[in-house]
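Engineer: What follows is coords.txt, compact mmCIF, C-alpha atoms.
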```txt
# COMPACT_ATOMS: atom_id res chain seq x y z
CA GLY O 55 -17.70 30.10 -6.96
CA PHE O 56 -17.16 26.83 -5.09
CA SER O 57 -19.10 28.23 -2.14
CA LYS O 58 -22.16 28.25 -4.39
CA ALA O 59 -21.80 24.60 -5.49
CA PRO O 60 -22.88 22.59 -2.42
CA ASN O 61 -24.41 19.82 -4.57
CA LEU O 62 -21.39 19.13 -6.80
CA LEU O 63 -20.40 15.44 -6.65
CA ARG O 64 -17.25 15.26 -8.80
CA LEU O 65 -14.48 17.78 -9.42
CA ASN O 66 -11.68 17.05 -11.90
CA LEU O 67 -8.69 19.41 -11.87
CA GLU O 68 -6.21 16.97 -13.44
CA ASP O 69 -3.05 18.51 -14.94
CA CYS O 70 -3.83 22.04 -13.77
CA THR O 71 -0.10 22.60 -13.49
CA SER O 72 -0.34 26.23 -12.28
CA LEU O 73 -2.71 25.46 -9.41
CA ASP O 74 -0.74 25.92 -6.17
CA CYS O 75 -3.52 25.79 -3.58
CA LEU O 76 -7.20 25.09 -3.09
CA PRO O 77 -9.65 27.71 -1.81
CA GLU O 78 -10.95 27.25 1.73
CA GLU O 79 -14.40 28.02 0.34
CA MET O 80 -14.46 24.38 -0.78
CA GLN O 81 -15.46 23.62 2.83
CA THR O 82 -19.06 24.25 1.79
CA MET O 83 -18.99 21.49 -0.84
CA GLU O 84 -20.67 19.00 1.46
CA SER O 85 -21.74 16.65 -1.35
CA LEU O 86 -18.34 16.28 -3.06
CA LYS O 87 -17.40 12.59 -3.33
CA PHE O 88 -14.60 12.62 -5.94
CA LEU O 89 -11.68 15.06 -6.17
CA ASN O 90 -8.99 14.54 -8.82
CA LEU O 91 -5.83 16.66 -8.54
CA ARG O 92 -3.56 14.30 -10.50
CA GLY O 93 -0.61 16.06 -12.10
CA CYS O 94 -1.11 19.38 -10.31
CA THR O 95 2.65 19.82 -10.11
CA SER O 96 2.55 23.23 -8.38
CA LEU O 97 0.20 22.16 -5.57
CA CYS O 98 2.24 22.39 -2.36
CA HIS O 99 -0.34 22.09 0.41
CA LEU O 100 -3.96 21.32 1.21
CA PRO O 101 -6.21 23.74 3.11
CA ASP O 102 -7.56 23.09 6.59
CA MET O 103 -11.06 21.83 5.81
CA ASN O 104 -13.36 18.86 6.17
CA LEU O 105 -15.13 17.59 3.04
CA ILE O 106 -17.55 15.33 4.87
CA SER O 107 -18.68 13.31 1.82
CA LEU O 108 -15.34 12.87 0.07
CA GLU O 109 -14.63 9.21 -0.79
CA THR O 110 -11.91 9.41 -3.47
CA LEU O 111 -8.93 11.78 -3.32
CA ILE O 112 -6.35 11.63 -6.12
CA LEU O 113 -3.08 13.51 -5.59
CA SER O 114 -0.97 11.37 -7.93
CA GLY O 115 2.01 13.20 -9.40
CA CYS O 116 1.66 16.29 -7.19
CA SER O 117 5.43 16.44 -7.01
CA GLU O 118 5.61 19.55 -4.79
CA LEU O 119 3.24 18.21 -2.14
CA ARG O 120 5.46 17.50 0.87
CA GLU O 121 2.84 17.16 3.58
CA PHE O 122 -0.50 15.36 3.50
CA ARG O 123 -3.27 16.98 5.47
CA LEU O 124 -6.45 15.10 6.26
CA ILE O 125 -9.36 16.89 4.58
CA SER O 126 -11.98 14.18 5.12
CA GLU O 127 -12.43 11.26 7.50
CA ASN O 128 -14.61 9.34 5.03
CA ILE O 129 -12.02 8.73 2.29
CA GLU O 130 -12.09 5.20 0.84
CA SER O 131 -9.45 5.56 -1.90
CA LEU O 132 -6.37 7.74 -1.37
CA TYR O 133 -3.76 8.21 -4.11
CA LEU O 134 -0.52 9.85 -2.95
CA ASP O 135 1.73 8.17 -5.51
CA GLY O 136 4.50 10.34 -6.93
CA THR O 137 4.24 13.03 -4.25
CA ALA O 138 7.13 14.40 -2.15
CA ILE O 139 5.74 13.40 1.25
CA GLU O 140 8.25 12.09 3.79
CA ASP O 141 5.76 10.60 6.25
CA LEU O 142 2.07 10.25 6.99
CA PRO O 143 0.27 12.17 9.75
CA SER O 144 -0.74 10.28 12.86
CA ASP O 145 -4.36 11.31 12.37
CA ILE O 146 -4.53 9.09 9.30
CA VAL O 147 -5.86 6.54 11.80
CA LYS O 148 -9.17 8.40 11.51
CA LEU O 149 -9.62 6.96 8.01
CA GLN O 150 -11.59 3.95 9.19
CA ARG O 151 -13.26 3.57 5.78
CA LEU O 152 -10.00 3.59 3.81
CA ILE O 153 -9.80 0.63 1.40
CA LEU O 154 -6.92 1.64 -0.91
CA LEU O 155 -3.76 3.55 0.03
CA ASN O 156 -1.42 4.16 -2.91
CA LEU O 157 2.05 5.50 -2.03
CA LYS O 158 3.85 4.23 -5.11
CA GLU O 159 7.05 6.08 -6.08
CA CYS O 160 7.03 8.25 -2.95
CA ARG O 161 10.82 8.32 -2.99
CA ARG O 162 11.17 10.54 0.10
CA LEU O 163 8.98 8.33 2.26
CA CYS O 164 11.24 6.71 4.85
CA CYS O 165 8.78 5.30 7.39
CA LEU O 166 5.15 4.50 8.10
CA PRO O 167 3.31 5.34 11.32
CA GLU O 168 2.64 2.51 13.78
CA CYS O 169 -1.08 3.30 13.56
CA ILE O 170 -1.24 1.95 9.99
CA GLY O 171 -2.39 -1.35 11.46
CA LYS O 172 -5.47 0.29 12.94
CA LEU O 173 -6.95 0.97 9.50
CA LYS O 174 -9.51 -1.82 9.80
CA ALA O 175 -11.04 -1.47 6.33
CA LEU O 176 -7.71 -1.34 4.45
CA GLN O 177 -7.49 -3.87 1.61
CA GLN O 178 -4.56 -2.65 -0.52
CA LEU O 179 -1.34 -0.91 0.50
CA ILE O 180 0.94 0.01 -2.42
CA LEU O 181 4.50 1.01 -1.54
CA SER O 182 6.24 0.01 -4.78
CA GLY O 183 9.16 2.25 -5.68
CA CYS O 184 9.47 3.82 -2.22
CA SER O 185 13.23 3.54 -2.53
CA ASN O 186 14.03 5.04 0.91
CA LEU O 187 11.62 2.85 2.87
CA LYS O 188 13.79 0.61 5.05
CA SER O 189 11.36 -0.74 7.63
CA PHE O 190 7.74 -1.65 8.14
CA PRO O 191 5.87 -1.09 11.43
CA ASN O 192 4.80 -3.97 13.63
CA ILE O 193 1.13 -4.73 13.20
CA GLU O 194 -0.51 -5.89 16.40
CA ASP O 195 -4.14 -5.33 15.42
CA ASN O 196 -6.43 -7.52 13.36
CA MET O 197 -6.55 -6.47 9.71
CA ASP O 198 -9.17 -8.91 8.52
CA ASN O 199 -9.72 -7.11 5.20
CA PHE O 200 -6.05 -6.72 4.22
CA ARG O 201 -5.40 -8.49 0.90
CA VAL O 202 -2.59 -6.82 -1.09
CA LEU O 203 0.82 -5.55 0.09
CA LEU O 204 3.23 -4.33 -2.61
CA LEU O 205 6.78 -3.57 -1.45
CA GLU O 206 8.54 -3.73 -4.81
CA GLY O 207 11.78 -1.75 -5.01
CA THR O 208 11.99 -0.84 -1.31
CA LEU O 209 14.96 -1.28 1.04
CA ILE O 210 13.13 -3.37 3.61
CA GLN O 211 15.66 -5.78 5.08
CA GLU O 212 13.30 -8.45 6.38
CA VAL O 213 9.81 -9.71 5.83
CA PRO O 214 7.50 -7.38 7.75
CA LYS O 215 6.82 -8.57 11.29
CA ILE O 216 3.17 -7.99 10.71
CA MET O 217 3.14 -11.56 9.45
CA ARG O 218 3.88 -13.11 12.78
CA GLY O 219 0.92 -14.73 14.44
CA ILE O 220 -2.57 -15.26 13.11
CA ASN O 221 -3.99 -12.08 14.62
CA SER O 222 -2.42 -9.54 12.27
CA ILE O 223 -2.74 -9.96 8.47
CA SER O 224 -3.30 -13.67 8.04
CA PHE O 225 -5.81 -12.98 5.23
CA LEU O 226 -3.18 -11.45 2.94
CA ARG O 227 -3.56 -12.78 -0.64
CA ARG O 228 -0.78 -11.02 -2.56
CA LEU O 229 2.71 -10.00 -1.46
CA SER O 230 5.43 -8.42 -3.60
CA LEU O 231 9.03 -7.96 -2.46
CA SER O 232 10.52 -7.87 -5.96
CA LYS O 233 13.56 -5.74 -6.90
CA ASN O 234 14.69 -5.64 -3.28
CA ASP O 235 18.49 -5.48 -3.19
CA VAL O 236 18.99 -6.09 0.55
CA ILE O 237 16.76 -8.94 1.69
CA ILE O 238 18.60 -12.28 2.06
CA SER O 239 15.85 -14.56 3.46
CA LEU O 240 12.15 -14.55 4.17
CA GLY O 241 12.14 -16.25 7.56
CA SER O 242 9.96 -19.13 8.65
CA ASP O 243 6.95 -17.07 9.68
CA ILE O 244 5.85 -16.54 6.10
CA SER O 245 4.43 -20.06 6.16
CA GLN O 246 1.74 -18.75 8.53
CA LEU O 247 0.17 -16.71 5.76
CA TYR O 248 -2.36 -19.44 5.14
CA HIS O 249 -4.37 -17.49 2.55
CA LEU O 250 -1.44 -16.16 0.49
CA LYS O 251 -1.94 -16.95 -3.21
CA TRP O 252 0.78 -14.93 -4.95
CA LEU O 253 4.35 -14.21 -3.84
CA ASP O 254 6.57 -12.04 -6.08
CA LEU O 255 10.33 -12.16 -5.41
CA LYS O 256 11.60 -11.24 -8.87
CA TYR O 257 15.12 -9.79 -9.01
CA CYS O 258 15.80 -10.07 -5.26
CA LYS O 259 19.47 -10.37 -6.14
CA LYS O 260 20.75 -11.03 -2.60
CA LEU O 261 18.11 -13.57 -1.62
CA ILE O 262 20.01 -16.70 -0.57
CA SER O 263 17.39 -19.04 0.86
CA LEU O 264 13.69 -19.79 0.89
CA SER O 265 11.97 -21.28 3.92
CA LYS O 266 8.75 -23.28 3.85
CA LEU O 267 6.01 -21.48 1.95
CA PRO O 268 2.29 -21.08 2.74
CA PRO O 269 0.09 -24.11 1.93
CA ASN O 270 -2.35 -22.38 -0.44
CA LEU O 271 0.23 -20.58 -2.58
CA GLN O 272 -0.64 -20.62 -6.28
CA CYS O 273 2.31 -18.68 -7.72
CA LEU O 274 5.87 -18.09 -6.56
CA ASP O 275 7.88 -15.90 -8.94
CA ALA O 276 11.60 -15.93 -8.07
CA HIS O 277 12.85 -15.05 -11.54
CA GLY O 278 16.25 -13.34 -11.50
CA CYS O 279 17.14 -14.29 -7.90
CA ILE O 280 20.76 -14.91 -8.93
CA SER O 281 22.07 -15.63 -5.39
CA LEU O 282 19.41 -18.17 -4.43
CA GLN O 283 21.14 -21.33 -3.18
CA ARG O 284 18.77 -23.13 -0.81
CA VAL O 285 15.08 -23.88 -0.64
CA ALA O 286 13.23 -25.70 2.11
CA SER O 287 12.44 -29.38 1.65
CA PRO O 288 9.56 -29.74 1.16
CA LEU O 289 9.20 -26.21 -0.18
CA ALA O 290 5.54 -26.16 0.81
CA PHE O 291 2.87 -28.47 2.18
CA LEU O 292 0.51 -27.73 -0.65
CA MET O 293 -3.15 -28.63 -0.58
CA PRO O 294 -4.06 -28.74 -4.26
CA THR O 295 -7.57 -29.15 -5.53
CA GLU O 296 -8.88 -29.64 -9.03
CA GLU O 297 -9.30 -25.84 -9.36
CA ILE O 298 -5.82 -24.84 -8.17
CA HIS O 299 -2.73 -24.92 -10.37
CA THR O 300 0.52 -24.20 -8.53
CA MET O 301 3.43 -22.60 -10.36
CA PHE O 302 6.99 -22.03 -9.09
CA ILE O 303 9.30 -19.87 -11.25
CA PHE O 304 13.07 -20.01 -10.66
CA THR O 305 14.33 -18.89 -14.08
```
As structure tokens, how would this structure be written, given the file I've shared?
Structural biologist:
Amino acid sequence: GFSKAPNLLRLNLEDCTSLDCLPEEMQTMESLKFLNLRGCTSLCHLPDMNLISLETLILSGCSELREFRLISENIESLYLDGTAIEDLPSDIVKLQRLILLNLKECRRLCCLPECIGKLKALQQLILSGCSNLKSFPNIEDNMDNFRVLLLEGTLIQEVPKIMRGINSISFLRRLSLSKNDVIISLGSDISQLYHLKWLDLKYCKKLISLSKLPPNLQCLDAHGCISLQRVASPLAFLMPTEEIHTMFIFT
């Protein structure tokens, strides 16, 4: 029947727990913009097809999906949270319109491809709960639109090197490293994140020291950092205005 629905814009198959595959006849759905497969716990693969209009693809909670296959190059929002994928395909670099990439709770994910930095439109990258993720690729390309990076609960041992130099992600606004049990310091390069507003370090239990922080930071949350012994002096060269209230939390 899908082959006879070329004008369909939205398709919601959420919680169809017996659905194990999609029909290749969906290739003809050239107008489809929104596809929701959240909670399709039997879905194990995606067909080889190109949905040319697809902008939002939701695969959240597809716990048997071990491999992500690109089914559209025009996706803007991609939800892979709670899937069983171990890595991302190299052709993900074709997603030059991608704004949001959600990989939360992908517990088998152990690495990211180097090409992640070539996603020029990317604004939010969510990696919270990726408990096997131990490293982050070097970013050597300009990511002028990158605003949010959430690394809560990962095993990353150092602040991602993407932060070094002003030509990578200097426009980052929000960074979370909370619940990281291995990181011991942030390094001095974090001060180069001139636009960073919010830094979450809650429950980084092995964090020993804090170096100088970015000048426009509005909130530092270091609650529960039980090993923290040293902070830089001054902690930050802040540039407050009447509109900005700066808050440091060390409870």
Engineer: Tell me which protein, DNA and RNA residues are within 9 Å of range 237-250 of chain O, counting all atoms listed in the file, leaving out same-chain ones fewer than 6 positions away, and put them as a VMD selection string.
Structural biologist: chain O and resid 201 209 to 213 215 217 to 220 223 to 229 231 258 to 272 281 to 282 290
Engineer: Between O:Lys148, O:Lys251, O:His99, O:Lys172, which residue has the minimum interatomic distance to His299 in chain O, considering all atoms listed in the file?
Structural biologist: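 Of O:Lys148, O:Lys251, O:His99, O:Lys172, the one nearest His299 in chain O, counting all atoms listed in the file, is O:Lys251.
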Engineer: Give me the residues within 12 Å of Cys165 in chain O as a list in words, counting all atoms listed in the file and dropping any in the same chain fewer than 4 places off.
Structural biologist: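 Listing them by chain and then by number gives Ile139, Glu140, Asp141, Leu142, Pro143, Leu157, Cys160, Arg161, Cys169, Ile170, Leu181, Cys184, Ser185, Asn186, Leu187, Lys188, Ser189, Phe190, Pro191, Asn192, Thr208, Leu209 and Ile210 of chain O.
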Engineer: Excluding same-chain residues fewer than 4 positions from Pro101 in chain O, what lies within 8 Å of it counting all atoms listed in the file, as a list in words?
Structural biologist: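 Contacts, with the query itself left out: Cys75, Leu76, Pro77, Glu78, Arg123 and Ile125 of chain O.
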Engineer: Rank nothing, just name the residue among O:Thr300, O:Gln150, O:Asn128, O:Asn234 nearest to Cys279 in chain O, using all atoms listed in the file.
Structural biologist: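 For Cys279 in chain O, the nearest of the given residues is O:Asn234.
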Engineer: Mind pulling up the distance from CA of Phe200 in chain O to CA of Leu91 in chain O?
Structural biologist: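 Separating CA of Leu91 in chain O from CA of Phe200 in chain O is a distance of 26.6 Å.
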Engineer: Mind checking which residues fall within 10 Å of range 118-122 of chain O, counting only C-alpha atoms, ignoring those fewer than 3 positions away in the same chain, and posting them as a JSON list (two decimals) with C-alpha atoms, in the frame of the given file?
Structural biologist:
```json
[["chain", "number", "residue", "atom", "x", "y", "z"],
["O", 74, "ASP", "CA", -0.74, 25.92, -6.17],
["O", 94, "CYS", "CA", -1.11, 19.38, -10.31],
["O", 95, "THR", "CA", 2.65, 19.82, -10.11],
["O", 96, "SER", "CA", 2.55, 23.23, -8.38],
["O", 97, "LEU", "CA", 0.20, 22.16, -5.57],
["O", 98, "CYS", "CA", 2.24, 22.39, -2.36],
["O", 99, "HIS", "CA", -0.34, 22.09, 0.41],
["O", 100, "LEU", "CA", -3.96, 21.32, 1.21],
["O", 113, "LEU", "CA", -3.08, 13.51, -5.59],
["O", 114, "SER", "CA", -0.97, 11.37, -7.93],
["O", 115, "GLY", "CA", 2.01, 13.20, -9.40],
["O", 125, "ILE", "CA", -9.36, 16.89, 4.58],
["O", 134, "LEU", "CA", -0.52, 9.85, -2.95],
["O", 136, "GLY", "CA", 4.50, 10.34, -6.93],
["O", 137, "THR", "CA", 4.24, 13.03, -4.25],
["O", 138, "ALA", "CA", 7.13, 14.40, -2.15],
["O", 139, "ILE", "CA", 5.74, 13.40, 1.25],
["O", 140, "GLU", "CA", 8.25, 12.09, 3.79],
["O", 141, "ASP", "CA", 5.76, 10.60, 6.25],
["O", 142, "LEU", "CA", 2.07, 10.25, 6.99],
["O", 143, "PRO", "CA", 0.27, 12.17, 9.75],
["O", 146, "ILE", "CA", -4.53, 9.09, 9.30],
["O", 162, "ARG", "CA", 11.17, 10.54, 0.10],
["O", 163, "LEU", "CA", 8.98, 8.33, 2.26]]
```
Engineer: Considering only C-alpha atoms, can you say which of O:Arg284, O:Arg151, O:Lys158, O:Lys174 comes closest to Leu205 in chain O?
Structural biologist: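 Comparing O:Arg284, O:Arg151, O:Lys158, O:Lys174 against Leu205 in chain O, the winner is O:Lys158.
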Engineer: If you measure from CA of Leu166 in chain O to CA of Tyr133 in chain O, what distance in Å do you get, rounded to one decimal?
Structural biologist: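 Straight-line distance from CA of Leu166 in chain O to CA of Tyr133 in chain O works out to 15.6 Å.
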Engineer: Which of these residues is nearest to Leu111 in chain O, using only C-alpha atoms: O:Lys256, O:Arg92, O:His277, O:Lys58?
Structural biologist: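 Looking at the shortest contact to Leu111 in chain O, the residue is O:Arg92.
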Engineer: Please measure the separation of CA of Phe304 in chain O and CA of Asp275 in chain O, giving the value in Å to one decimal.
Structural biologist: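 Distance between the two atoms: 6.8 Å.
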Engineer: List the spatial neighbours of Leu108 in chain O as a count of residues only - criterion: any atom at most 7 Å away, all atoms listed in the file, same-chain residues fewer than 4 positions off excluded.
Structural biologist: 6
Engineer: Kindly add N, CA and C atoms to the incomplete range 61-79 of chain O and provide the output as a PDB file, in the frame of the given file.
Structural biologist:
```pdb
ATOM      1  N   ASN O  61     -23.894  21.101  -4.092  1.00  0.00           N
ATOM      2  CA  ASN O  61     -24.410  19.820  -4.570  1.00  0.00           C
ATOM      3  C   ASN O  61     -23.474  19.123  -5.562  1.00  0.00           C
ATOM      4  N   LEU O  62     -22.323  19.729  -5.847  1.00  0.00           N
ATOM      5  CA  LEU O  62     -21.390  19.130  -6.800  1.00  0.00           C
ATOM      6  C   LEU O  62     -20.837  17.821  -6.241  1.00  0.00           C
ATOM      7  N   LEU O  63     -20.843  16.766  -7.074  1.00  0.00           N
ATOM      8  CA  LEU O  63     -20.400  15.440  -6.650  1.00  0.00           C
ATOM      9  C   LEU O  63     -18.975  15.130  -7.070  1.00  0.00           C
ATOM     10  N   ARG O  64     -18.568  15.594  -8.264  1.00  0.00           N
ATOM     11  CA  ARG O  64     -17.250  15.260  -8.800  1.00  0.00           C
ATOM     12  C   ARG O  64     -16.554  16.524  -9.292  1.00  0.00           C
ATOM     13  N   LEU O  65     -15.272  16.640  -8.972  1.00  0.00           N
ATOM     14  CA  LEU O  65     -14.480  17.780  -9.420  1.00  0.00           C
ATOM     15  C   LEU O  65     -13.151  17.266  -9.952  1.00  0.00           C
ATOM     16  N   ASN O  66     -12.889  17.524 -11.242  1.00  0.00           N
ATOM     17  CA  ASN O  66     -11.680  17.050 -11.900  1.00  0.00           C
ATOM     18  C   ASN O  66     -10.802  18.236 -12.276  1.00  0.00           C
ATOM     19  N   LEU O  67      -9.647  18.343 -11.608  1.00  0.00           N
ATOM     20  CA  LEU O  67      -8.690  19.410 -11.870  1.00  0.00           C
ATOM     21  C   LEU O  67      -7.364  18.826 -12.359  1.00  0.00           C
ATOM     22  N   GLU O  68      -7.416  17.665 -12.994  1.00  0.00           N
ATOM     23  CA  GLU O  68      -6.210  16.970 -13.440  1.00  0.00           C
ATOM     24  C   GLU O  68      -5.366  17.831 -14.370  1.00  0.00           C
ATOM     25  N   ASP O  69      -4.036  17.812 -14.105  1.00  0.00           N
ATOM     26  CA  ASP O  69      -3.050  18.510 -14.940  1.00  0.00           C
ATOM     27  C   ASP O  69      -3.237  20.029 -14.958  1.00  0.00           C
ATOM     28  N   CYS O  70      -3.827  20.581 -13.914  1.00  0.00           N
ATOM     29  CA  CYS O  70      -3.830  22.040 -13.770  1.00  0.00           C
ATOM     30  C   CYS O  70      -2.496  22.419 -13.136  1.00  0.00           C
ATOM     31  N   THR O  71      -1.483  22.531 -13.974  1.00  0.00           N
ATOM     32  CA  THR O  71      -0.100  22.600 -13.490  1.00  0.00           C
ATOM     33  C   THR O  71       0.237  23.925 -12.804  1.00  0.00           C
ATOM     34  N   SER O  72      -0.605  24.944 -12.941  1.00  0.00           N
ATOM     35  CA  SER O  72      -0.340  26.230 -12.280  1.00  0.00           C
ATOM     36  C   SER O  72      -1.073  26.348 -10.945  1.00  0.00           C
ATOM     37  N   LEU O  73      -1.930  25.408 -10.646  1.00  0.00           N
ATOM     38  CA  LEU O  73      -2.710  25.460  -9.410  1.00  0.00           C
ATOM     39  C   LEU O  73      -1.805  25.155  -8.219  1.00  0.00           C
ATOM     40  N   ASP O  74      -1.641  26.131  -7.306  1.00  0.00           N
ATOM     41  CA  ASP O  74      -0.740  25.920  -6.170  1.00  0.00           C
ATOM     42  C   ASP O  74      -1.451  25.750  -4.844  1.00  0.00           C
ATOM     43  N   CYS O  75      -2.761  26.002  -4.818  1.00  0.00           N
ATOM     44  CA  CYS O  75      -3.520  25.790  -3.580  1.00  0.00           C
ATOM     45  C   CYS O  75      -5.001  25.679  -3.912  1.00  0.00           C
ATOM     46  N   LEU O  76      -5.748  25.189  -2.953  1.00  0.00           N
ATOM     47  CA  LEU O  76      -7.200  25.090  -3.090  1.00  0.00           C
ATOM     48  C   LEU O  76      -7.861  26.136  -2.202  1.00  0.00           C
ATOM     49  N   PRO O  77      -8.980  26.696  -2.629  1.00  0.00           N
ATOM     50  CA  PRO O  77      -9.650  27.710  -1.810  1.00  0.00           C
ATOM     51  C   PRO O  77     -10.355  27.083  -0.610  1.00  0.00           C
ATOM     52  N   GLU O  78     -10.286  27.751   0.525  1.00  0.00           N
ATOM     53  CA  GLU O  78     -10.950  27.250   1.730  1.00  0.00           C
ATOM     54  C   GLU O  78     -12.460  27.257   1.571  1.00  0.00           C
ATOM     55  N   GLU O  79     -12.953  28.000   0.577  1.00  0.00           N
ATOM     56  CA  GLU O  79     -14.400  28.020   0.340  1.00  0.00           C
ATOM     57  C   GLU O  79     -14.932  26.651  -0.065  1.00  0.00           C
TER      58      GLU O  79
END
```
